[in-house]
Amino acid sequence: MTIAVPTAPAPAIRQPSAIMDFCRQQPLGAVSFVIIFVMMFAGVFSGLVAPHDPLRIDFGSILARPSAEHWFGTDAFGRDILSRIIFGSRTALVIGFTASFVGSTLGAILGVASAYFGGKIDDWIQRFVDVLLAFPIIVLALVVVAAFRKFPVGGIDVNLIIAIAIPILPRVERVVRAAAFSVRVMPYVDAARAAGYSHTRIIFRHMAPNVVAPYLIMLTAFIAQAILAEASLSFLGLGVTEPTAAWGLMLSGNATDFYREAPWMILFPGAAISLAVFAFNLFGDSLRDYLDPRFRI
Amino acid sequence: MLRYTTNRILLMIPTLIGVAVLVFFLLRIVPGDIVEVKLRGDGGSVSQETIEMERKRLGLDRPLVTQFGEWMVGMATLDFGKSMWTERPVMEEIAIRLELSLQVALMATFIAVLIAIPLGTLAALFRDSWIDYLMRVITIGGLSIPSFWLGMMIMLTLLALFNWLPPITFTPIYVDPIANLTQLIWPAMAVGYRYCAVTARMIRSSLLEVLNEDYIRTARAKGVFEKLVITRHALRNALLPAITVIGLEFAFLIGGLVVTEQVFNLNGIGMLFVQSVSRNDFTLIQGMVMLIAAFYVFVNLAVDLLYAVFDPRIRYGTP
């Protein structure tokens, strides 16, 4: 026999009317949504959208100025910058989304568990989170890169994703834990415990759905941070490696040597990073105002 | 107050020990260390024996627990060991670069706070007007534009306008203030933008909260000039949460410096950190991580104590 335990309905954000409602209430959010959509389109259909092969080296047109042939010019190897930016959006999105998803999800689970169990377990988890919080994102990511970089796995650098996900984890944990505390005292949690459900079931089925709003807000906000972190690491030469097209990488190496002669080499990739991170930040901000006006990150 | 202070200080110790354990073992989980980078870095072939000998010389062949114990004991006496790359003491390597980074950080803070206070206040006062929207776009821009790219853009602008680039050799401010400032003001601006954005956002939201308080209505009702209501009553209370952000962001400026120092070719803490990571210089990485974490923890403590001074509720532990 199963006992029906009331759970709050998941927030209705998937309905089309909710999207319209969001756009009306948050015009800036709607703008950012369009930018994100364009970026995703460019990332998914890079091969169709890009005018050139991003990896093709052409010594005949090194450091070419922006022209009808190469809208954003070419780099020191004669590679088309626009095409590299379009393919770079794939790199940025894959790494940004995966890292933020992994970090936020693990952080959220840890946060809910911490609030649910309380006491000693909560104390230990908080001490651990304190340790991770004592570093800026990029510094902790660099330490993890230093530790794991000897094992690159596959085409997408799994280590890079781990390195960016780890600093995100404690930041999400803090916020979700605070939200979960107010869920913890709800009668339905007591009811679920009285019904004899397992801890895992209560955490995932009864508490987690009620902290979805802060989780989603943090997830979007940290996609922005993750893209920024990826760009910074690649810029430092410790993230994505040549010849893969990545925005941060386009700003490093010989881009800094040639920026006097070829400013377009740094102008466009940097603008791409800024615009992408801007869109996700703005989207996260608007989502926060829309879902929960009182909630502050 | 004393009990509160001691409690807060005691809480720092487990955090710092946790940081030490984390960084030490994290760096050593995966095999591979500085010796290989050092000896095989440029593709030359070196016999296994030479590598083992070098490893032995650096003490990397001993059990991890022994190495960790030695490091911890050293730290207790403020001895952070020697850099595995340059073989100079870690503290010395850090000390010679600290002045530059600290100056950039202080200048960034100064610029950021000076701009953030009026910006955040205006946005809160004209909530949901075009001023608010503009400030929102400006501040989210600050969170989005990578400081290293902003640095490059600043240099490009200087080059285009004045055909001039900032000097690349560091002159201490007490030797030649002009040369010093013309070099460091630009990186300070590059890392300060984000700082300013975060602070302005915090001031805006905390001011909005304070403006809803009863005492603001009382002040207005008794006929206090609006200007005084804002400066004396509202802003003063709203600045408290902003202090937290200013403090913590100051501690985290190193994150911006790590990338920005590369652009301006500044030999500071950030540059040293990146170098030590790419060289697998474990002792130097450890030393710097401990320094960054300790700095953050101390700033945190200072902020908490400051809070307690201003807000008696915290001091006496009422929930």
# chains A, B, ... in the order shown; residues from 1 in each chain; ligands from 1
call {"tool": "residues_around", "arguments": {"residues": "Glu69 (chain A)", "least_positions_apart": "2", "cutoff": "12 Å", "atoms": "only C-alpha atoms", "output": "PyMOL selection string"}}
result
chain A and resi 51-52+61+64-67+71-74+79-83
call {"tool": "interface_residues", "arguments": {"of": "chain A", "to": "chain B", "cutoff": "6 Å", "atoms": "only C-alpha atoms", "output": "CSV table (one decimal) with N, CA and C atoms, in the first residue's frame"}}
result
chain,number,residue,atom,x,y,z
A,131,VAL,N,35.9,25.3,3.2
A,131,VAL,CA,37.3,25.2,2.6
A,131,VAL,C,37.2,25.5,1.1
A,134,ALA,N,37.0,29.3,0.2
A,134,ALA,CA,38.1,30.2,0.5
A,134,ALA,C,39.0,30.6,-0.7
A,136,PRO,N,38.9,32.1,-4.9
A,136,PRO,CA,38.1,32.6,-6.1
A,136,PRO,C,38.0,31.4,-7.1
A,138,ILE,N,38.6,31.0,-10.2
A,138,ILE,CA,39.6,30.8,-11.1
A,138,ILE,C,40.8,30.2,-10.4
A,146,ALA,N,46.1,22.0,-12.2
A,146,ALA,CA,47.4,21.6,-11.9
A,146,ALA,C,47.4,20.1,-11.5
A,147,ALA,N,46.4,19.7,-10.7
A,147,ALA,CA,46.4,18.3,-10.2
A,147,ALA,C,46.1,17.3,-11.3
A,270,GLY,N,36.9,38.5,-27.9
A,270,GLY,CA,36.6,39.1,-26.6
A,270,GLY,C,35.2,39.5,-26.5
A,274,SER,N,32.2,38.3,-24.0
A,274,SER,CA,31.5,39.3,-23.2
A,274,SER,C,30.0,39.2,-23.4
A,277,VAL,N,28.5,35.8,-22.0
A,277,VAL,CA,28.4,35.8,-20.5
A,277,VAL,C,27.4,36.8,-20.1
A,278,PHE,N,27.4,38.0,-20.8
A,278,PHE,CA,26.4,39.0,-20.5
A,278,PHE,C,25.0,38.4,-20.6
call {"tool": "atom_distance", "arguments": {"atom1": "CA of Ile13 (chain B)", "atom2": "CA of Met72 (chain B)"}}
result
12.8 Å
call {"tool": "select_by_dssp", "arguments": {"residues": "region 145-278 of chain A", "states": "alpha helix (DSSP H)", "output": "ChimeraX atom specification"}}
result
/A:145-148,158-184,187-194,199-201,212-235,247-250,254-258,264-278
call {"tool": "residues_around", "arguments": {"residues": "region 235-252 of chain A", "least_positions_apart": "4", "cutoff": "6 Å", "atoms": "only C-alpha atoms", "output": "VMD selection string"}}
result
chain A and resid 84 87 to 88 231 266 269
